[in-house]
file input_0.txt (compact mmCIF, C-alpha atoms)
# COMPACT_ATOMS: atom_id res chain seq x y z
CA MET A 1 -25.12 -25.58 -24.62
CA ALA A 2 -26.85 -26.60 -27.83
CA TYR A 3 -30.30 -26.33 -26.29
CA ALA A 4 -29.66 -22.77 -25.09
CA VAL A 5 -28.95 -21.67 -28.66
CA ALA A 6 -32.01 -23.59 -29.83
CA LEU A 7 -34.20 -21.92 -27.23
CA GLU A 8 -32.92 -18.51 -28.19
CA ALA A 9 -33.72 -19.21 -31.85
CA LEU A 10 -37.22 -20.30 -30.84
CA GLY A 11 -37.77 -17.13 -28.83
CA ASP A 12 -39.15 -15.60 -32.04
CA GLY A 13 -42.78 -16.24 -32.98
CA THR A 14 -42.19 -16.39 -36.74
CA ARG A 15 -39.43 -18.94 -36.28
CA ARG A 16 -41.71 -21.08 -34.13
CA GLU A 17 -44.33 -20.93 -36.91
CA ILE A 18 -41.70 -22.00 -39.42
CA MET A 19 -40.75 -24.95 -37.22
CA GLU A 20 -44.38 -25.94 -36.92
CA GLN A 21 -44.73 -25.92 -40.70
CA LEU A 22 -41.62 -28.04 -41.10
CA ARG A 23 -42.92 -30.56 -38.61
CA ARG A 24 -45.67 -31.31 -41.13
CA GLY A 25 -43.01 -32.23 -43.63
CA PRO A 26 -39.94 -30.84 -45.43
CA ARG A 27 -40.64 -27.98 -47.87
CA PRO A 28 -39.00 -25.19 -49.89
CA VAL A 29 -38.73 -21.51 -48.81
CA GLY A 30 -41.46 -20.36 -51.19
CA GLU A 31 -44.00 -22.68 -49.66
CA ILE A 32 -43.06 -21.65 -46.13
CA ALA A 33 -43.29 -17.95 -47.01
CA ALA A 34 -46.65 -18.36 -48.71
CA ALA A 35 -48.22 -19.39 -45.42
CA LEU A 36 -46.74 -16.49 -43.44
CA PRO A 37 -47.30 -12.72 -43.37
CA VAL A 38 -43.59 -12.06 -43.97
CA SER A 39 -41.46 -11.73 -47.08
CA ARG A 40 -39.53 -14.56 -48.64
CA PRO A 41 -36.14 -12.94 -47.86
CA ALA A 42 -37.24 -12.61 -44.24
CA VAL A 43 -38.12 -16.30 -44.17
CA SER A 44 -34.70 -17.14 -45.63
CA GLN A 45 -33.13 -15.09 -42.86
CA HIS A 46 -35.11 -16.95 -40.20
CA LEU A 47 -34.21 -20.30 -41.78
CA ARG A 48 -30.55 -19.38 -41.56
CA VAL A 49 -30.89 -18.68 -37.82
CA LEU A 50 -32.75 -21.97 -37.29
CA LYS A 51 -30.14 -23.85 -39.28
CA GLU A 52 -27.28 -22.32 -37.30
CA ALA A 53 -29.09 -23.29 -34.09
CA GLY A 54 -29.14 -26.89 -35.33
CA LEU A 55 -32.92 -27.03 -35.59
CA VAL A 56 -33.30 -27.21 -39.35
CA THR A 57 -31.66 -29.20 -42.14
CA GLU A 58 -31.22 -28.07 -45.73
CA ARG A 59 -30.83 -30.22 -48.83
CA LYS A 60 -30.81 -29.55 -52.54
CA GLU A 61 -33.44 -31.01 -54.80
CA GLY A 62 -32.74 -29.90 -58.36
CA THR A 63 -32.53 -26.13 -58.18
CA ARG A 64 -34.56 -25.90 -54.99
CA ARG A 65 -33.47 -26.05 -51.40
CA ILE A 66 -35.70 -28.11 -49.16
CA TYR A 67 -35.82 -27.45 -45.44
CA GLY A 68 -36.76 -29.93 -42.76
CA VAL A 69 -36.59 -30.60 -39.01
CA GLU A 70 -33.21 -31.64 -37.62
CA GLN A 71 -33.77 -34.81 -35.63
CA LYS A 72 -30.81 -34.15 -33.37
CA ALA A 73 -32.93 -31.54 -31.64
CA ILE A 74 -34.68 -34.39 -29.85
CA ALA A 75 -31.37 -35.38 -28.31
CA ASP A 76 -30.96 -31.80 -27.15
CA LEU A 77 -34.40 -31.81 -25.58
CA ARG A 78 -33.52 -35.03 -23.78
CA ALA A 79 -30.27 -33.49 -22.55
CA TYR A 80 -32.22 -30.52 -21.32
CA PHE A 81 -34.50 -32.70 -19.20
CA ASP A 82 -31.54 -34.70 -17.96
CA SER A 83 -30.16 -31.52 -16.48
CA PHE A 84 -33.59 -30.40 -15.28
CA TRP A 85 -34.16 -33.58 -13.24
CA GLU A 86 -30.70 -33.34 -11.76
CA GLN A 87 -31.60 -29.95 -10.29
CA ALA A 88 -35.20 -30.70 -9.40
CA LEU A 89 -34.31 -33.89 -7.54
CA ALA A 90 -31.84 -32.02 -5.36
CA GLY A 91 -34.78 -29.88 -4.25
CA TYR A 92 -36.90 -32.99 -3.77
CA LYS A 93 -34.25 -34.66 -1.58
CA ALA A 94 -34.03 -31.58 0.62
CA ALA A 95 -37.83 -31.43 0.98
CA ALA A 96 -38.15 -35.15 1.78
CA GLU A 97 -35.41 -35.06 4.40
CA ARG A 98 -36.56 -31.80 5.96
CA LYS A 99 -40.07 -33.01 6.54
CA GLY A 100 -39.69 -36.57 7.59
CA ARG A 101 -37.12 -38.84 9.14
CA ARG A 102 -37.70 -42.55 8.75
CA GLU A 103 -39.66 -43.68 11.82
CA MET B 1 -35.40 -36.34 -44.84
CA SER B 2 -35.77 -39.66 -43.15
CA SER B 3 -38.77 -40.17 -40.94
CA MET B 4 -37.23 -43.28 -39.42
CA GLN B 5 -38.05 -43.59 -35.74
CA THR B 6 -34.82 -43.97 -33.85
CA SER B 7 -34.92 -44.87 -30.20
CA VAL B 8 -33.73 -42.25 -27.76
CA GLU B 9 -32.31 -43.36 -24.44
CA ALA B 10 -34.44 -42.63 -21.39
CA VAL B 11 -33.33 -40.05 -18.84
CA ARG B 12 -32.49 -41.99 -15.66
CA LYS B 13 -31.71 -40.58 -12.22
CA SER B 14 -31.22 -42.36 -8.91
CA LEU B 15 -30.74 -40.98 -5.45
CA VAL B 16 -31.13 -42.02 -1.81
CA VAL B 17 -33.20 -39.88 0.53
CA GLU B 18 -33.15 -40.21 4.30
CA CYS B 19 -36.79 -40.99 5.01
CA SER B 20 -39.23 -43.89 4.61
CA PRO B 21 -40.54 -44.97 1.19
CA GLU B 22 -44.00 -43.83 2.31
CA ARG B 23 -42.70 -40.35 3.07
CA ALA B 24 -40.56 -40.22 -0.08
CA PHE B 25 -43.59 -41.17 -2.20
CA GLU B 26 -45.81 -38.61 -0.50
CA VAL B 27 -43.36 -35.75 -0.90
CA PHE B 28 -42.86 -36.59 -4.57
CA THR B 29 -46.57 -36.67 -5.36
CA ARG B 30 -49.00 -35.01 -2.95
CA GLU B 31 -46.42 -32.44 -1.82
CA VAL B 32 -44.85 -31.80 -5.22
CA GLY B 33 -45.51 -28.09 -4.73
CA SER B 34 -43.04 -28.02 -1.82
CA TRP B 35 -40.01 -28.76 -3.99
CA TRP B 36 -40.84 -28.36 -7.68
CA PRO B 37 -39.33 -25.16 -9.17
CA LEU B 38 -42.85 -23.96 -9.97
CA HIS B 39 -42.17 -20.44 -11.12
CA GLU B 40 -39.56 -21.54 -13.61
CA HIS B 41 -40.96 -24.92 -14.60
CA SER B 42 -44.67 -24.65 -15.08
CA ILE B 43 -47.26 -23.53 -17.56
CA GLY B 44 -48.55 -20.61 -15.49
CA GLY B 45 -45.24 -19.33 -14.10
CA GLU B 46 -45.94 -16.59 -11.55
CA GLN B 47 -49.67 -17.27 -11.85
CA ILE B 48 -49.44 -20.70 -10.29
CA THR B 49 -51.05 -21.25 -6.89
CA GLU B 50 -50.86 -25.03 -6.41
CA VAL B 51 -50.37 -28.42 -8.04
CA ILE B 52 -53.09 -31.02 -7.64
CA TRP B 53 -52.19 -34.70 -7.85
CA GLU B 54 -55.27 -36.93 -8.16
CA GLU B 55 -54.07 -40.03 -6.38
CA GLN B 56 -55.59 -42.82 -8.43
CA LEU B 57 -55.23 -44.60 -11.74
CA GLY B 58 -56.26 -42.20 -14.51
CA GLY B 59 -56.05 -39.22 -12.13
CA ARG B 60 -54.91 -35.87 -13.43
CA ILE B 61 -51.84 -33.96 -12.36
CA TYR B 62 -52.47 -30.29 -12.95
CA GLU B 63 -51.65 -26.81 -11.73
CA ARG B 64 -54.10 -24.13 -10.65
CA HIS B 65 -53.63 -20.48 -11.49
CA ALA B 66 -54.54 -17.30 -9.62
CA ASP B 67 -56.99 -16.33 -12.39
CA GLY B 68 -58.87 -19.62 -12.02
CA GLY B 69 -57.20 -21.29 -14.99
CA GLU B 70 -55.59 -24.71 -14.99
CA GLY B 71 -52.72 -26.36 -16.80
CA GLU B 72 -52.47 -30.11 -17.13
CA TRP B 73 -49.12 -31.88 -16.65
CA GLY B 74 -50.21 -35.45 -17.27
CA ARG B 75 -52.19 -38.44 -16.03
CA VAL B 76 -51.56 -41.30 -13.66
CA LEU B 77 -50.86 -44.49 -15.65
CA ALA B 78 -49.87 -46.70 -12.68
CA TRP B 79 -50.46 -46.00 -9.00
CA ASP B 80 -48.80 -48.34 -6.54
CA PRO B 81 -47.86 -46.37 -3.38
CA PRO B 82 -45.33 -46.38 -1.86
CA ALA B 83 -43.48 -48.57 -4.40
CA ARG B 84 -43.96 -46.72 -7.68
CA PHE B 85 -46.05 -44.57 -9.96
CA VAL B 86 -46.08 -43.97 -13.71
CA MET B 87 -47.51 -40.87 -15.32
CA SER B 88 -47.86 -39.47 -18.80
CA TRP B 89 -46.07 -36.16 -19.10
CA TYR B 90 -47.29 -33.43 -21.42
CA PRO B 91 -47.25 -30.05 -19.66
CA GLY B 92 -48.85 -27.41 -21.84
CA LYS B 93 -49.66 -29.87 -24.62
CA ASP B 94 -52.11 -32.70 -25.11
CA ASP B 95 -51.58 -36.38 -24.55
CA SER B 96 -50.78 -37.08 -28.20
CA LYS B 97 -47.31 -35.74 -27.40
CA ALA B 98 -46.79 -37.32 -24.03
CA THR B 99 -43.57 -38.73 -22.72
CA GLU B 100 -43.68 -41.07 -19.73
CA LEU B 101 -42.32 -40.68 -16.22
CA GLU B 102 -41.83 -43.64 -13.86
CA VAL B 103 -40.54 -43.24 -10.32
CA ARG B 104 -39.79 -46.21 -8.03
CA PHE B 105 -39.23 -46.05 -4.26
CA THR B 106 -37.31 -48.86 -2.52
CA ALA B 107 -36.23 -49.07 1.13
CA GLU B 108 -32.45 -49.06 1.34
CA GLY B 109 -30.62 -48.98 4.67
CA SER B 110 -32.16 -46.25 6.80
CA GLY B 111 -33.50 -44.42 3.76
CA THR B 112 -35.18 -44.86 0.41
CA ARG B 113 -33.69 -45.32 -3.00
CA VAL B 114 -35.54 -43.28 -5.64
CA ASP B 115 -35.17 -44.35 -9.28
CA LEU B 116 -36.59 -41.99 -11.87
CA GLU B 117 -36.99 -42.79 -15.56
CA HIS B 118 -38.27 -40.24 -18.08
CA ARG B 119 -38.77 -41.99 -21.42
CA GLY B 120 -40.53 -41.92 -24.76
CA TRP B 121 -38.64 -39.09 -26.43
CA GLU B 122 -39.25 -40.70 -29.84
CA ILE B 123 -42.69 -39.09 -29.80
CA PHE B 124 -41.05 -35.83 -30.84
CA ALA B 125 -39.52 -37.29 -33.98
CA ASP B 126 -40.35 -35.75 -37.33
CA GLU B 127 -43.85 -36.71 -38.32
CA GLY B 128 -43.11 -36.23 -41.99
CA GLN B 129 -46.20 -36.92 -44.01
CA GLN B 130 -48.13 -38.44 -41.13
CA THR B 131 -51.12 -36.95 -39.39
CA ARG B 132 -51.14 -33.19 -39.31
CA ASP B 133 -53.45 -32.75 -36.38
CA ASN B 134 -50.78 -32.53 -33.74
CA TYR B 135 -48.16 -30.54 -35.50
CA ASP B 136 -48.33 -27.66 -33.07
CA ASN B 137 -47.70 -29.82 -30.05
CA GLY B 138 -44.18 -30.80 -30.85
CA TRP B 139 -40.91 -30.10 -29.16
CA PRO B 140 -40.63 -26.42 -30.23
CA THR B 141 -43.65 -25.79 -28.03
CA VAL B 142 -42.13 -27.73 -25.17
CA LEU B 143 -38.88 -25.86 -25.46
CA ALA B 144 -40.67 -22.54 -25.52
CA HIS B 145 -42.48 -23.44 -22.32
CA PHE B 146 -39.28 -24.10 -20.49
CA GLU B 147 -37.45 -21.16 -21.92
CA ARG B 148 -37.74 -19.19 -18.70
CA THR B 149 -35.50 -21.57 -16.83
CA LEU B 150 -32.52 -20.41 -18.78
CA ASN B 151 -33.08 -16.85 -17.70
CA ARG B 152 -32.72 -17.54 -14.02
call {"tool": "encode", "arguments": {"input": "input_0.txt", "output": "structure tokens"}}
result
Amino acid sequence: MAYAVALEALGDGTRREIMEQLRRGPRPVGEIAAALPVSRPAVSQHLRVLKEAGLVTERKEGTRRIYGVEQKAIADLRAYFDSFWEQALAGYKAAAERKGRRE
Amino acid sequence: MSSMQTSVEAVRKSLVVECSPERAFEVFTREVGSWWPLHEHSIGGEQITEVIWEEQLGGRIYERHADGGEGEWGRVLAWDPPARFVMSWYPGKDDSKATELEVRFTAEGSGTRVDLEHRGWEIFADEGQQTRDNYDNGWPTVLAHFERTLNR
């Protein structure tokens, strides 16, 4: 499942901070690293994980690579809730039918 | 990157439960704690003691924790028992990143048809150069909150 991979990638605090930065707008590695207490190579490593998880996009602008938020992640979030409601409503149905028959 | 707002289809679920609309409405709202997977799907996890549903327009839906803390899920946007309710949905965030949940209850045969619609996913779209105030309330935060579920 795409969202499972995404959740695993977001299990790391630094990667969540990177995502939060990117939500404010696309930016290059250097700018991301400057705002974090980790090295630039470490940030590149994290960006690779986020990209493989489908959370981040990469594009070239001159000699720089600009990273941004992958919009498809919203579709994954939606899919996640689709499956959540499916399960939760089964529990709801059982509770409603256990406690009350229609008078 | 484009900051174009594309529409995202609502999550829709329908089911029939064998009880009256009144009962179906009550179990969904006032008795939500009896069926919601609280330990996996909540802000407080194991800390949670109950879920309070303030049954009126503008009322809060929130959980109480053993240490006295609270976590807000959303607010009542429409309250029309036993036919329907609408609530904003932003567990663990603030209402600037709320999606919307509408549930309708209709008598059908000897039971009640329940139609659920969870919509407004566009709110999580890339904000690009827009306001920066809410950047930490986006979907990564939501996903992190629900992470536990996958570990069941």
call {"tool": "atom_distance", "arguments": {"input": "input_0.txt", "atom1": "CA of Tyr90 (chain B)", "atom2": "CA of Ala95 (chain A)"}}
result
24.4 Å
call {"tool": "residues_around", "arguments": {"input": "input_0.txt", "residues": "Gly92 (chain B)", "least_positions_apart": "6", "cutoff": "7 Å", "atoms": "all atoms listed in the file", "output": "PyMOL selection string"}}
result
chain B and resi 43+71-73
call {"tool": "atom_distance", "arguments": {"input": "input_0.txt", "atom1": "CA of Lys51 (chain A)", "atom2": "CA of Arg65 (chain A)"}}
result
12.8 Å
call {"tool": "interface_residues", "arguments": {"input": "input_0.txt", "of": "chain A", "to": "chain B", "cutoff": "8 Å", "atoms": "only C-alpha atoms", "output": "NGL selection string"}}
result
:A and (4 or 7 or 10-11 or 16 or 19-21 or 23-26 or 68-69 or 71 or 74-75 or 77-78 or 81-82 or 85-86 or 88 or 91-93 or 95-97 or 100-103)
call {"tool": "atom_distance", "arguments": {"input": "input_0.txt", "atom1": "CA of Arg30 (chain B)", "atom2": "CA of Trp53 (chain B)"}}
result
5.9 Å
call {"tool": "closest_residue", "arguments": {"input": "input_0.txt", "among": "A:Thr14, A:Ser44, A:Thr57, A:Ser83", "to": "Glu70 (chain A)", "atoms": "all atoms listed in the file"}}
result
A:Thr57
call {"tool": "residues_around", "arguments": {"input": "input_0.txt", "residues": "Val5 (chain A)", "least_positions_apart": "5", "cutoff": "10 Å", "atoms": "all atoms listed in the file", "output": "MDAnalysis selection string"}}
result
chainID A and resid 10:11 49:50 52:55
call {"tool": "closest_residue", "arguments": {"input": "input_0.txt", "among": "B:Leu101, B:Ala66, B:Ile61, B:Ala107", "to": "Pro82 (chain B)", "atoms": "all atoms listed in the file"}}
result
B:Ala107
call {"tool": "closest_residue", "arguments": {"input": "input_0.txt", "among": "B:Asp115, B:Glu100, B:Glu108, B:Glu54", "to": "Arg84 (chain B)", "atoms": "all atoms listed in the file"}}
result
B:Asp115
call {"tool": "residues_around", "arguments": {"input": "input_0.txt", "residues": "Ala83 (chain B)", "least_positions_apart": "5", "cutoff": "7 Å", "atoms": "all atoms listed in the file", "output": "PDB file with C-alpha atoms, keeping the file's coordinate frame"}}
result
ATOM      1  CA  ARG B 104     -39.790 -46.210  -8.030  1.00  0.00           C
ATOM      2  CA  PHE B 105     -39.230 -46.050  -4.260  1.00  0.00           C
ATOM      3  CA  THR B 106     -37.310 -48.860  -2.520  1.00  0.00           C
TER       4      THR B 106
END
call {"tool": "build_atoms", "arguments": {"input": "input_0.txt", "residues": "region 71-97 of chain B", "atoms": "N, CA and C atoms", "output": "compact mmCIF listing (two decimals), in the frame of the given file"}}
result
# COMPACT_ATOMS: atom_id res chain seq x y z
N GLY B 71 -53.63 -25.84 -15.78
CA GLY B 71 -52.72 -26.36 -16.80
C GLY B 71 -52.40 -27.80 -16.46
N GLU B 72 -52.66 -28.69 -17.42
CA GLU B 72 -52.47 -30.11 -17.13
C GLU B 72 -51.04 -30.55 -17.40
N TRP B 73 -50.48 -31.34 -16.49
CA TRP B 73 -49.12 -31.88 -16.65
C TRP B 73 -49.16 -33.30 -17.23
N GLY B 74 -50.17 -34.07 -16.82
CA GLY B 74 -50.21 -35.45 -17.27
C GLY B 74 -51.27 -36.23 -16.51
N ARG B 75 -51.23 -37.56 -16.69
CA ARG B 75 -52.19 -38.44 -16.03
C ARG B 75 -51.51 -39.63 -15.41
N VAL B 76 -52.12 -40.15 -14.36
CA VAL B 76 -51.56 -41.30 -13.66
C VAL B 76 -51.82 -42.57 -14.48
N LEU B 77 -50.75 -43.26 -14.85
CA LEU B 77 -50.86 -44.49 -15.65
C LEU B 77 -50.69 -45.74 -14.79
N ALA B 78 -50.02 -45.59 -13.63
CA ALA B 78 -49.87 -46.70 -12.68
C ALA B 78 -49.72 -46.05 -11.31
N TRP B 79 -50.45 -46.60 -10.33
CA TRP B 79 -50.46 -46.00 -9.00
C TRP B 79 -50.31 -47.11 -7.98
N ASP B 80 -49.12 -47.21 -7.40
CA ASP B 80 -48.80 -48.34 -6.54
C ASP B 80 -48.01 -47.85 -5.34
N PRO B 81 -48.60 -46.95 -4.50
CA PRO B 81 -47.86 -46.37 -3.38
C PRO B 81 -47.54 -47.41 -2.30
N PRO B 82 -46.38 -47.37 -1.64
CA PRO B 82 -45.33 -46.38 -1.86
C PRO B 82 -44.23 -46.90 -2.79
N ALA B 83 -44.53 -47.94 -3.59
CA ALA B 83 -43.48 -48.57 -4.40
C ALA B 83 -43.18 -47.82 -5.70
N ARG B 84 -44.21 -47.38 -6.39
CA ARG B 84 -43.96 -46.72 -7.68
C ARG B 84 -45.20 -46.01 -8.22
N PHE B 85 -44.95 -45.11 -9.16
CA PHE B 85 -46.05 -44.57 -9.96
C PHE B 85 -45.51 -44.33 -11.36
N VAL B 86 -46.42 -44.32 -12.33
CA VAL B 86 -46.08 -43.97 -13.71
C VAL B 86 -47.08 -42.90 -14.13
N MET B 87 -46.60 -41.89 -14.81
CA MET B 87 -47.51 -40.87 -15.32
C MET B 87 -47.14 -40.48 -16.74
N SER B 88 -48.16 -40.06 -17.50
CA SER B 88 -47.86 -39.47 -18.80
C SER B 88 -47.48 -38.03 -18.51
N TRP B 89 -46.67 -37.46 -19.38
CA TRP B 89 -46.07 -36.16 -19.10
C TRP B 89 -46.21 -35.28 -20.33
N TYR B 90 -47.09 -34.30 -20.25
CA TYR B 90 -47.29 -33.43 -21.42
C TYR B 90 -47.66 -32.02 -21.01
N PRO B 91 -46.88 -31.40 -20.11
CA PRO B 91 -47.25 -30.05 -19.66
C PRO B 91 -47.44 -29.08 -20.82
N GLY B 92 -48.60 -28.43 -20.84
CA GLY B 92 -48.85 -27.41 -21.84
C GLY B 92 -49.19 -27.96 -23.21
N LYS B 93 -49.36 -29.28 -23.31
CA LYS B 93 -49.66 -29.87 -24.62
C LYS B 93 -50.87 -30.77 -24.44
N ASP B 94 -51.07 -31.72 -25.35
CA ASP B 94 -52.11 -32.70 -25.11
C ASP B 94 -51.45 -34.08 -25.16
N ASP B 95 -52.22 -35.08 -24.77
CA ASP B 95 -51.58 -36.38 -24.55
C ASP B 95 -51.10 -37.08 -25.82
N SER B 96 -51.33 -36.47 -26.99
CA SER B 96 -50.78 -37.08 -28.20
C SER B 96 -49.27 -36.88 -28.26
N LYS B 97 -48.76 -35.97 -27.44
CA LYS B 97 -47.31 -35.74 -27.40
C LYS B 97 -46.76 -35.97 -26.01
